[in-house]
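File shown: my_file-v6.csv (CSV, C-alpha atoms and all ligand atoms).
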```csv
chain,number,residue,atom,x,y,z
D,1,MET,CA,-2.6,-5.8,-42.6
D,2,SER,CA,-3.0,-6.0,-38.8
D,3,GLU,CA,-3.2,-2.7,-36.9
D,4,ASN,CA,-1.3,-4.5,-34.1
D,5,ILE,CA,2.5,-4.5,-34.1
D,6,ILE,CA,2.7,-7.1,-31.4
D,7,GLU,CA,0.2,-9.8,-30.3
D,8,LEU,CA,1.0,-11.9,-27.2
D,9,ARG,CA,-1.0,-15.1,-27.2
D,10,ASN,CA,-1.4,-17.0,-23.9
D,11,LEU,CA,2.1,-16.6,-22.7
D,12,SER,CA,3.2,-18.6,-19.6
D,13,LYS,CA,6.6,-18.7,-18.0
D,14,GLN,CA,7.8,-20.4,-14.9
D,15,TYR,CA,11.1,-20.3,-13.1
D,16,ASP,CA,11.3,-23.3,-10.7
D,17,ASP,CA,8.2,-23.0,-8.6
D,18,LEU,CA,7.4,-19.5,-9.5
D,19,LYS,CA,4.8,-18.7,-12.1
D,20,VAL,CA,6.0,-15.4,-13.6
D,21,LEU,CA,3.6,-15.1,-16.5
D,22,ASP,CA,0.2,-16.7,-16.3
D,23,ASP,CA,-1.6,-17.1,-19.6
D,24,LEU,CA,-1.0,-13.5,-20.6
D,25,SER,CA,-2.5,-12.2,-23.8
D,26,LEU,CA,-2.1,-8.6,-25.1
D,27,ASP,CA,-2.4,-6.7,-28.3
D,28,ILE,CA,-0.2,-3.7,-28.9
D,29,LYS,CA,-1.2,-1.2,-31.6
D,30,LYS,CA,1.2,0.4,-34.0
D,31,ASN,CA,2.6,3.8,-33.0
D,32,GLU,CA,1.4,3.4,-29.5
D,33,PHE,CA,3.2,4.4,-26.3
D,34,LEU,CA,2.2,1.4,-24.1
D,35,THR,CA,3.4,1.0,-20.5
D,36,LEU,CA,3.6,-2.2,-18.5
D,37,LEU,CA,3.1,-1.1,-14.9
D,38,GLY,CA,3.1,-3.2,-11.8
D,39,PRO,CA,5.0,-4.0,-8.6
D,40,SER,CA,8.4,-5.5,-8.5
D,41,GLY,CA,8.4,-9.1,-9.7
D,42,CYS,CA,5.0,-9.0,-11.5
D,43,GLY,CA,6.6,-10.1,-14.8
D,44,LYS,CA,7.1,-6.9,-16.7
D,45,THR,CA,10.8,-7.5,-17.6
D,46,THR,CA,10.1,-11.1,-18.4
D,47,THR,CA,7.4,-9.9,-20.9
D,48,LEU,CA,9.8,-7.5,-22.6
D,49,LYS,CA,12.5,-10.2,-22.7
D,50,ILE,CA,10.1,-12.6,-24.5
D,51,ILE,CA,9.2,-9.9,-27.0
D,52,ALA,CA,12.9,-9.1,-27.6
D,53,GLY,CA,13.7,-12.9,-27.9
D,54,PHE,CA,16.1,-12.9,-24.9
D,55,GLU,CA,13.8,-15.4,-23.1
D,56,GLN,CA,11.5,-18.1,-24.5
D,57,ALA,CA,8.0,-18.5,-23.1
D,58,ASP,CA,7.1,-22.0,-21.8
D,59,GLU,CA,3.8,-21.8,-23.6
D,60,GLY,CA,2.1,-19.3,-25.9
D,61,SER,CA,3.3,-17.2,-28.9
D,62,VAL,CA,4.5,-13.8,-29.9
D,63,LEU,CA,3.3,-12.4,-33.2
D,64,PHE,CA,5.0,-9.5,-34.9
D,65,GLU,CA,2.7,-7.8,-37.5
D,66,GLY,CA,0.6,-10.9,-37.5
D,67,LYS,CA,3.5,-13.4,-38.0
D,68,GLU,CA,4.7,-15.7,-35.2
D,69,ILE,CA,8.3,-14.9,-34.3
D,70,ASN,CA,8.9,-17.4,-31.4
D,71,GLU,CA,11.8,-19.0,-33.3
D,72,ILE,CA,13.4,-15.8,-34.6
D,73,PRO,CA,16.6,-14.9,-32.7
D,74,PRO,CA,16.8,-11.5,-31.0
D,75,TYR,CA,19.2,-9.9,-33.5
D,76,GLN,CA,16.9,-10.7,-36.4
D,77,ARG,CA,13.8,-9.1,-34.7
D,78,PRO,CA,13.0,-5.5,-35.7
D,79,VAL,CA,13.2,-4.5,-32.1
D,80,ASN,CA,15.7,-2.6,-30.0
D,81,THR,CA,15.9,-2.4,-26.2
D,82,VAL,CA,17.0,0.3,-23.8
D,83,PHE,CA,17.8,-0.8,-20.3
D,84,GLN,CA,18.0,1.1,-17.0
D,85,LYS,CA,21.8,0.4,-17.0
D,86,TYR,CA,22.5,1.9,-20.3
D,87,ALA,CA,25.7,-0.1,-21.1
D,88,LEU,CA,27.3,2.4,-23.4
D,89,PHE,CA,30.8,1.6,-24.7
D,90,PRO,CA,33.1,3.6,-22.3
D,91,HIS,CA,36.1,3.6,-24.6
D,92,MET,CA,34.1,5.2,-27.5
D,93,ASN,CA,33.0,8.8,-27.8
D,94,VAL,CA,29.4,9.9,-28.2
D,95,TYR,CA,29.5,9.8,-32.0
D,96,GLU,CA,31.0,6.3,-32.1
D,97,ASN,CA,28.5,5.0,-29.6
D,98,ILE,CA,25.6,6.1,-31.7
D,99,ALA,CA,27.2,5.1,-35.0
D,100,PHE,CA,28.1,1.6,-33.8
D,101,GLY,CA,25.0,-0.3,-35.0
D,102,LEU,CA,25.1,1.4,-38.4
D,103,LYS,CA,28.8,0.5,-38.9
D,104,ILE,CA,28.0,-3.2,-38.1
D,105,LYS,CA,25.4,-3.0,-40.9
D,106,LYS,CA,28.1,-1.6,-43.2
D,107,MET,CA,26.2,1.6,-44.0
D,108,PRO,CA,28.2,4.1,-46.1
D,109,LYS,CA,30.1,6.7,-44.0
D,110,ASP,CA,28.2,9.8,-45.3
D,111,LYS,CA,24.9,8.1,-44.6
D,112,ILE,CA,26.0,7.2,-41.1
D,113,ASP,CA,27.2,10.8,-40.5
D,114,GLU,CA,23.8,12.1,-41.6
D,115,LYS,CA,21.9,9.7,-39.3
D,116,VAL,CA,24.1,10.3,-36.3
D,117,LYS,CA,23.7,14.0,-36.6
D,118,GLU,CA,19.9,13.7,-36.9
D,119,MET,CA,19.9,11.6,-33.7
D,120,LEU,CA,22.1,14.0,-31.8
D,121,LYS,CA,19.7,16.8,-32.7
D,122,LEU,CA,16.7,14.7,-31.6
D,123,VAL,CA,18.2,14.0,-28.2
D,124,ALA,CA,19.6,17.6,-27.9
D,125,LEU,CA,23.3,16.6,-27.7
D,126,GLU,CA,24.6,18.4,-30.7
D,127,GLY,CA,28.2,19.6,-30.2
D,128,LYS,CA,28.9,16.7,-27.8
D,129,GLU,CA,29.9,14.1,-30.4
D,130,ASN,CA,33.6,14.0,-29.4
D,131,ARG,CA,33.0,13.7,-25.7
D,132,LYS,CA,33.9,10.5,-23.9
D,133,VAL,CA,30.6,9.0,-22.6
D,134,ASP,CA,31.8,8.8,-19.0
D,135,SER,CA,32.4,12.5,-18.9
D,136,LEU,CA,28.7,13.1,-19.4
D,137,SER,CA,25.8,13.2,-16.8
D,138,GLY,CA,23.5,10.3,-16.2
D,139,GLY,CA,20.7,12.0,-18.2
D,140,GLN,CA,23.0,12.7,-21.1
D,141,GLN,CA,24.2,9.1,-21.1
D,142,GLN,CA,20.7,7.8,-21.1
D,143,ARG,CA,19.9,10.1,-24.1
D,144,ILE,CA,22.8,8.5,-25.9
D,145,ALA,CA,21.5,5.1,-25.1
D,146,ILE,CA,18.1,6.1,-26.6
D,147,ALA,CA,19.8,7.6,-29.7
D,148,ARG,CA,21.8,4.5,-30.2
D,149,ALA,CA,18.7,2.4,-30.2
D,150,LEU,CA,16.6,4.8,-32.3
D,151,VAL,CA,19.3,5.3,-35.0
D,152,ASN,CA,18.6,1.7,-36.2
D,153,GLU,CA,15.0,2.7,-36.9
D,154,PRO,CA,13.5,-0.2,-35.1
D,155,LYS,CA,9.7,-0.6,-35.6
D,156,LEU,CA,9.5,-1.3,-31.9
D,157,LEU,CA,11.5,0.1,-29.0
D,158,LEU,CA,11.4,-1.7,-25.6
D,159,LEU,CA,12.4,0.4,-22.6
D,160,ASP,CA,13.0,-1.3,-19.3
D,161,GLU,CA,12.9,1.3,-16.5
D,162,PRO,CA,15.1,3.6,-18.6
D,163,LEU,CA,14.7,6.5,-16.3
D,164,GLY,CA,15.1,4.6,-13.0
D,165,ALA,CA,18.6,5.8,-12.3
D,166,LEU,CA,17.9,9.5,-12.8
D,167,ASP,CA,17.1,12.0,-10.2
D,168,LEU,CA,13.5,13.3,-10.1
D,169,LYS,CA,14.0,16.5,-12.1
D,170,LEU,CA,16.0,14.9,-14.8
D,171,ARG,CA,13.5,12.0,-14.9
D,172,GLN,CA,10.6,14.4,-15.4
D,173,GLU,CA,12.5,16.2,-18.2
D,174,MET,CA,13.3,12.9,-19.9
D,175,GLN,CA,9.7,11.8,-19.6
D,176,ILE,CA,8.6,14.7,-21.7
D,177,GLU,CA,11.4,14.2,-24.2
D,178,LEU,CA,10.8,10.5,-24.6
D,179,LYS,CA,7.1,11.1,-25.3
D,180,ARG,CA,8.0,13.9,-27.8
D,181,MET,CA,10.5,11.6,-29.6
D,182,GLN,CA,8.0,8.8,-29.8
D,183,LYS,CA,5.3,10.9,-31.4
D,184,LYS,CA,7.8,12.5,-33.8
D,185,LEU,CA,9.3,9.2,-35.0
D,186,GLY,CA,6.0,7.2,-34.9
D,187,ILE,CA,7.8,4.2,-33.4
D,188,THR,CA,5.9,1.9,-31.1
D,189,PHE,CA,7.3,2.1,-27.5
D,190,ILE,CA,6.8,-0.5,-24.9
D,191,PHE,CA,7.9,1.0,-21.6
D,192,VAL,CA,8.3,-0.7,-18.3
D,193,THR,CA,8.0,1.0,-15.0
D,194,HIS,CA,6.8,0.5,-11.4
D,195,ASP,CA,6.2,4.2,-11.1
D,196,GLN,CA,2.5,5.0,-11.5
D,197,GLU,CA,3.0,8.8,-12.0
D,198,GLU,CA,5.5,8.1,-14.8
D,199,ALA,CA,3.0,5.7,-16.4
D,200,LEU,CA,0.1,8.1,-16.1
D,201,SER,CA,2.0,11.1,-17.6
D,202,MET,CA,3.6,9.3,-20.6
D,203,SER,CA,1.4,6.5,-21.9
D,204,ASP,CA,-1.3,6.2,-24.5
D,205,THR,CA,-2.2,2.9,-22.9
D,206,ILE,CA,-1.3,1.4,-19.5
D,207,VAL,CA,-1.3,-2.3,-18.8
D,208,VAL,CA,-1.5,-2.9,-15.0
D,209,MET,CA,0.0,-6.3,-14.1
D,210,ASN,CA,0.1,-8.3,-10.9
D,211,LYS,CA,1.5,-11.8,-10.4
D,212,GLY,CA,2.0,-12.4,-14.1
D,213,LYS,CA,-1.6,-11.5,-15.1
D,214,ILE,CA,-3.1,-8.4,-16.6
D,215,GLN,CA,-5.3,-6.6,-14.1
D,216,GLN,CA,-6.5,-3.8,-16.3
D,217,MET,CA,-5.6,-2.2,-19.7
D,218,GLY,CA,-6.8,1.2,-20.7
D,219,THR,CA,-5.9,4.9,-21.1
D,220,PRO,CA,-4.4,6.6,-18.1
D,221,GLU,CA,-7.8,8.3,-17.6
D,222,ASP,CA,-9.6,5.0,-17.6
D,223,ILE,CA,-7.2,3.4,-15.2
D,224,TYR,CA,-7.2,6.3,-12.8
D,225,ASN,CA,-11.0,7.1,-12.9
D,226,GLU,CA,-12.4,3.6,-13.3
D,227,PRO,CA,-10.2,1.1,-11.6
D,228,LYS,CA,-11.5,-2.4,-12.3
D,229,ASN,CA,-10.5,-3.9,-9.0
D,230,SER,CA,-9.0,-2.9,-5.7
D,231,PHE,CA,-5.5,-4.0,-6.7
D,232,VAL,CA,-5.6,-1.3,-9.5
D,233,ALA,CA,-7.2,1.2,-7.2
D,234,ARG,CA,-4.6,0.7,-4.5
D,235,PHE,CA,-1.7,0.7,-7.0
D,236,ILE,CA,-2.7,3.8,-8.9
D,237,GLY,CA,-3.1,6.9,-6.9
D,238,GLU,CA,-4.4,7.0,-3.3
D,239,SER,CA,-7.9,5.7,-2.5
D,240,ASN,CA,-10.4,5.2,0.2
D,241,ILE,CA,-11.6,1.6,-0.1
D,242,PHE,CA,-14.5,0.2,1.9
D,243,ASP,CA,-16.6,-2.9,1.8
D,244,GLY,CA,-20.2,-2.3,0.6
D,245,ILE,CA,-23.4,-3.9,-0.7
D,246,MET,CA,-24.9,-3.1,-4.1
D,247,LEU,CA,-28.5,-2.9,-3.0
D,248,GLU,CA,-29.9,-2.5,-6.5
D,249,ASP,CA,-29.0,-0.6,-9.7
D,250,TYR,CA,-27.7,2.9,-8.8
D,251,LYS,CA,-28.0,2.3,-5.0
D,252,VAL,CA,-25.1,1.2,-2.8
D,253,GLU,CA,-24.6,0.9,0.9
D,254,PHE,CA,-21.3,1.5,2.7
D,255,CYS,CA,-20.1,3.0,5.9
D,256,GLY,CA,-23.6,2.4,7.3
D,257,LYS,CA,-25.4,4.7,4.8
D,258,VAL,CA,-27.1,4.3,1.5
D,259,PHE,CA,-25.7,6.3,-1.4
D,260,GLU,CA,-26.8,7.0,-5.0
D,261,CYS,CA,-24.2,5.8,-7.6
D,262,VAL,CA,-24.0,5.5,-11.3
D,263,ASP,CA,-23.3,1.8,-11.5
D,264,LYS,CA,-25.7,-1.0,-12.5
D,265,GLY,CA,-25.6,-4.7,-13.5
D,266,PHE,CA,-24.7,-6.2,-10.2
D,267,GLU,CA,-26.6,-8.9,-8.4
D,268,LYS,CA,-29.1,-7.7,-5.8
D,269,ASN,CA,-27.3,-7.3,-2.5
D,270,GLU,CA,-23.9,-8.3,-4.0
D,271,ASN,CA,-21.0,-7.7,-1.8
D,272,ILE,CA,-18.7,-5.2,-3.5
D,273,GLU,CA,-15.9,-2.8,-2.7
D,274,VAL,CA,-16.2,1.0,-3.0
D,275,VAL,CA,-13.4,3.2,-4.1
D,276,ILE,CA,-13.4,7.0,-3.5
D,277,ARG,CA,-10.5,9.1,-4.6
D,278,PRO,CA,-9.3,11.6,-1.9
D,279,GLU,CA,-9.7,14.6,-4.1
D,280,ASP,CA,-13.4,13.7,-4.8
D,281,ILE,CA,-14.6,14.1,-1.3
D,282,LYS,CA,-16.2,17.5,-0.6
D,283,MET,CA,-15.6,19.1,2.8
D,284,VAL,CA,-18.9,20.5,4.0
D,285,ASN,CA,-20.6,21.7,7.1
D,286,PRO,CA,-21.1,18.6,9.4
D,287,GLU,CA,-24.7,19.6,10.1
D,288,ASP,CA,-26.0,18.8,6.7
D,289,SER,CA,-23.5,16.3,5.4
D,290,MET,CA,-23.7,12.7,4.2
D,291,LEU,CA,-20.9,11.5,6.6
D,292,LYS,CA,-19.1,13.2,9.4
D,293,GLY,CA,-15.9,12.6,11.3
D,294,THR,CA,-13.0,14.2,13.2
D,295,VAL,CA,-9.9,15.5,11.6
D,296,THR,CA,-7.0,13.6,13.0
D,297,SER,CA,-4.2,15.1,10.9
D,298,SER,CA,-3.6,17.6,8.1
D,299,ILE,CA,-0.3,17.8,6.1
D,300,PHE,CA,0.5,20.4,3.5
D,301,LYS,CA,1.7,18.7,0.3
D,302,GLY,CA,2.5,21.6,-1.9
D,303,VAL,CA,-0.7,21.8,-4.0
D,304,HIS,CA,-3.2,20.4,-1.5
D,305,TYR,CA,-3.5,19.4,2.1
D,306,GLU,CA,-3.7,15.7,2.9
D,307,ILE,CA,-6.4,15.5,5.6
D,308,GLU,CA,-7.0,12.4,7.6
D,309,VAL,CA,-10.5,12.0,9.1
D,310,LYS,CA,-11.8,9.4,11.5
D,311,GLU,CA,-15.4,8.5,10.8
D,312,ASN,CA,-16.7,6.0,13.3
D,313,ASP,CA,-13.8,3.5,13.3
D,314,ARG,CA,-12.8,4.1,9.7
D,315,LYS,CA,-10.0,6.2,8.4
D,316,TRP,CA,-10.6,8.5,5.4
D,317,ILE,CA,-8.0,10.4,3.4
D,318,LEU,CA,-9.1,13.7,1.7
D,319,HIS,CA,-7.1,16.0,-0.6
D,320,ASN,CA,-8.3,19.6,-0.5
D,321,THR,CA,-6.7,23.0,-1.3
D,322,LYS,CA,-8.3,24.2,2.0
D,323,ASN,CA,-6.9,23.2,5.3
D,324,ALA,CA,-8.9,21.7,8.1
D,325,GLN,CA,-8.3,22.1,11.8
D,326,VAL,CA,-7.0,19.0,13.6
D,327,GLY,CA,-9.6,18.0,16.2
D,328,SER,CA,-12.5,19.7,14.5
D,329,GLU,CA,-15.6,18.0,13.2
D,330,LEU,CA,-15.9,17.7,9.4
D,331,GLY,CA,-18.7,16.8,7.0
D,332,MET,CA,-18.0,14.8,3.9
D,333,ASP,CA,-20.2,14.7,0.7
D,334,ILE,CA,-19.6,12.4,-2.2
D,335,TYR,CA,-21.2,12.8,-5.6
D,336,PRO,CA,-22.7,9.7,-7.3
D,337,GLU,CA,-20.2,9.7,-10.1
D,338,ASP,CA,-17.3,9.7,-7.7
D,339,ILE,CA,-18.3,6.5,-6.1
D,340,HIS,CA,-16.6,3.7,-7.9
D,341,ILE,CA,-17.9,0.2,-7.4
D,342,MET,CA,-15.7,-2.9,-7.9
D,343,ARG,CA,-16.4,-6.5,-7.8
D,344,LYS,CA,-14.6,-8.4,-5.0
D,345,GLU,CA,-11.2,-9.7,-6.1
D,346,GLN,CA,-11.2,-13.4,-6.6
D,347,ASN,CA,-7.8,-14.4,-5.1
S,401,LIG,N1,16.3,-16.1,-14.9
S,401,LIG,C1,15.5,-16.2,-13.8
S,401,LIG,N2,15.6,-17.2,-13.0
S,401,LIG,C2,14.8,-17.3,-11.9
S,401,LIG,N3,13.9,-16.4,-11.5
S,401,LIG,C3,13.8,-15.3,-12.3
S,401,LIG,C4,14.6,-15.1,-13.5
S,401,LIG,N4,14.2,-14.0,-14.1
S,401,LIG,C5,13.3,-13.4,-13.3
S,401,LIG,N5,13.0,-14.2,-12.3
S,401,LIG,C6,12.0,-14.0,-11.2
S,401,LIG,O1,10.7,-13.8,-11.9
S,401,LIG,C7,9.9,-12.8,-11.2
S,401,LIG,C8,9.5,-11.8,-12.2
S,401,LIG,O2,10.6,-11.1,-12.7
S,401,LIG,P1,10.5,-9.8,-13.7
S,401,LIG,O3,11.9,-9.3,-13.8
S,401,LIG,O4,9.8,-10.1,-14.9
S,401,LIG,O5,9.7,-8.8,-12.8
S,401,LIG,P2,9.4,-7.3,-13.0
S,401,LIG,O6,8.0,-7.1,-12.9
S,401,LIG,O7,10.1,-6.7,-14.1
S,401,LIG,O8,10.0,-6.7,-11.6
S,401,LIG,P3,11.1,-5.5,-11.4
S,401,LIG,O9,10.4,-4.3,-11.4
S,401,LIG,O10,11.6,-5.9,-10.0
S,401,LIG,O11,12.2,-5.7,-12.4
S,401,LIG,C9,10.8,-12.2,-10.1
S,401,LIG,O12,10.4,-12.8,-8.9
S,401,LIG,C10,12.2,-12.7,-10.5
S,401,LIG,O13,13.0,-12.9,-9.4
```

Please, can you express the file's structure as C-alpha cells?
Amino acid sequence: MSENIIELRNLSKQYDDLKVLDDLSLDIKKNEFLTLLGPSGCGKTTTLKIIAGFEQADEGSVLFEGKEINEIPPYQRPVNTVFQKYALFPHMNVYENIAFGLKIKKMPKDKIDEKVKEMLKLVALEGKENRKVDSLSGGQQQRIAIARALVNEPKLLLLDEPLGALDLKLRQEMQIELKRMQKKLGITFIFVTHDQEEALSMSDTIVVMNKGKIQQMGTPEDIYNEPKNSFVARFIGESNIFDGIMLEDYKVEFCGKVFECVDKGFEKNENIEVVIRPEDIKMVNPEDSMLKGTVTSSIFKGVHYEIEVKENDRKWILHNTKNAQVGSELGMDIYPEDIHIMRKEQN
C-alpha cells in the first residue's frame, strides 16, 4: 500500500483569465503535518478545496491512498475541513455541536457520549459541554470546531487558516495544541497559512507556493536554511540578497569581493543570487574584516538588535544580541556555510 495518503497529479485550475493552479503535483505522506504556505492568492485554498471535493480541477487528478477520487462527492471523502470562520451551530451547546456528525451517522447514544467526552478532554474543554457556543471565547470556539471535525475520525484533516482570527498569544497556544493533537491521533493534517512563523513552528513539511506553483518543499529547517530561490528566501525569514557570480566550484564573487562557499555544480561565471541570513553575519573589527560599512540604524527587537549597515551603496540587515553604535564603522564576516547560492529565478 502507498505510504502517501494524498497524491495530487498535474492539477490546473483557472478562473476566467486567472491561472490559480499551474500543473501542480504533490505527494502527502500519511501522519504528516504538512503546511501549504504562500502569499495571498497563490492557490492554497483552491488546493484544499480540490482535495475536499468542493472544487473540481480543470485538469489533473487527486488520488487518495492510491485511488483516484475526482468523481467522489465531498461528503463521501474521508476528509474533514476546519475553516478560519468556524461556523459552529449557534443554537446548540458545545456537546451538541461536537455530537452533530455522529448523530447524523446514527451512532448509538452511549458511544456518542464516550466519543464527545474524549474530544472535550483532547481540546481541554471538559465541563463546558452545556455552554452555548457564543458564550465562549474565539479560541474556545475554534477548539470546538476542531473537536467537531476530529470526532468523525477522518483520515485527513484540512485546516484553512484556522488560527487566523485569534490574537497572537492564543494563536501561539493553539499552534502547540494542534501539533500535540495531530501527533497523538496520528491523523494527516494539511494546514494552510500565509504566516511563515506559524508554518516553521508547526510543520513536518512545508510546501511554499507562489502563483499556483510549488516553489520548494521540505522540512522547516531545509526551507529556512537552504532556500531554493529568492522568492523562498524573501518569503521565509529576513534575508540579505545580492547578485553575484559563481566563479568556480566553492568560489563566489559578490559585493566586489571573492568569498569561499560550500556550493558547486554551477556553470563557470554563472550569474547567481546570494542569500545571507541577518543572524549569520559576524560583527568584527573593521580593520581585519571581509566587508565594512557604516551603521545607519539599530533597533532593539526583544531578543536581538536589528542593525542596518550601509556598505558602499548596499543595505545590509544584521541581527545580533550586541548593539552597534549608529554612525560607527563596522566590519562584517561571513562563514562559507552561511553563504547560500541560488540560481536566478526564471520568471
Ligand atoms: N470561485 C472563484 N472565482 C473566481 N476567482 C476565484 C475563485 N476562488 C478563488 N479565486 C481567485 O483565485 C486566486 C487564488 O485563490 P485562493 O483562495 O486559492 O488563494 P489563497 O492562496 O488561499 O489566498 P488567501 O490566503 O488570500 O486565501 C485568488 O486570486 C482568488 O481571488

For this session: Could you pull out every residue with an atom within 7 Å of (-18.9, 20.0, 3.6), file coordinates, counting only C-alpha atoms, and send them as a ChimeraX atom specification?
Result: /D:282-286,289,330-333

Problem set entry | Which of D:Asn130, D:Gln182, D:Asn312, D:Asn320 sits closest to D:Tyr95 [using only C-alpha atoms] | D:Asn130

For this session: Take atom CA of D:Gly41 and atom CA of D:Asp16 and report the distance between them in Å, one decimal.
Result: 14.5 Å

Problem set entry | Shell of 10 Å around D:Ala124, all atoms listed in the file, local chain residues under 3 positions omitted, as a ChimeraX atom specification | /D:118-121,127-128,140,143-144,177

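Candidate residues D:Asn152, D:Thr193, D:Gln76, D:Asn31 were compared for distance to ligand LIG 401 (chain S), and the nearest is D:Thr193, using only C-alpha atoms and all ligand atoms.
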
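Minimum distance to D:Lys213 across D:Cys255, D:Ile72, D:Phe231, D:Glu273 (counting all atoms listed in the file) occurs at D:Phe231.
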
For this session: Would you mind listing what lies within 12 Å of D:Ser137 as a list in words, with only C-alpha atoms counted and same-chain residues fewer than 2 positions away left out?
Result: Leu125, Lys128, Arg131, Lys132, Val133, Asp134, Ser135, Gly139, Gln140, Gln141, Gln142, Arg143, Ile144, Ala165, Leu166, Asp167 and Leu170 of chain D

Nearby residues, ligand LIG 401 (chain S), 10 Å, only C-alpha atoms and all ligand atoms, as a compact mmCIF listing (two decimals) with C-alpha atoms, in the coordinates of the input:
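The result, stored in result_33.txt:
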```txt
# COMPACT_ATOMS: atom_id res chain seq x y z
CA LYS D 13 6.60 -18.70 -18.00
CA GLN D 14 7.80 -20.40 -14.90
CA TYR D 15 11.10 -20.30 -13.10
CA ASP D 16 11.30 -23.30 -10.70
CA ASP D 17 8.20 -23.00 -8.60
CA LEU D 18 7.40 -19.50 -9.50
CA LYS D 19 4.80 -18.70 -12.10
CA VAL D 20 6.00 -15.40 -13.60
CA LEU D 21 3.60 -15.10 -16.50
CA LEU D 36 3.60 -2.20 -18.50
CA LEU D 37 3.10 -1.10 -14.90
CA GLY D 38 3.10 -3.20 -11.80
CA PRO D 39 5.00 -4.00 -8.60
CA SER D 40 8.40 -5.50 -8.50
CA GLY D 41 8.40 -9.10 -9.70
CA CYS D 42 5.00 -9.00 -11.50
CA GLY D 43 6.60 -10.10 -14.80
CA LYS D 44 7.10 -6.90 -16.70
CA THR D 45 10.80 -7.50 -17.60
CA THR D 46 10.10 -11.10 -18.40
CA THR D 47 7.40 -9.90 -20.90
CA LEU D 48 9.80 -7.50 -22.60
CA LYS D 49 12.50 -10.20 -22.70
CA ILE D 50 10.10 -12.60 -24.50
CA GLU D 55 13.80 -15.40 -23.10
CA ASP D 160 13.00 -1.30 -19.30
CA GLU D 161 12.90 1.30 -16.50
CA VAL D 192 8.30 -0.70 -18.30
CA THR D 193 8.00 1.00 -15.00
CA HIS D 194 6.80 0.50 -11.40
CA ASP D 195 6.20 4.20 -11.10
CA MET D 209 0.00 -6.30 -14.10
CA ASN D 210 0.10 -8.30 -10.90
CA LYS D 211 1.50 -11.80 -10.40
CA GLY D 212 2.00 -12.40 -14.10
```

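For the residues D:Phe300, D:Ile341, D:Ile146, D:Gly293, ranking by smallest atom-to-atom distance to D:Asn271 using only C-alpha atoms places D:Ile341 first.
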
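Distance check against D:Ser201 using only C-alpha atoms: of D:Lys301, D:Lys292, D:Lys117, D:Arg171, the minimum falls on D:Arg171.
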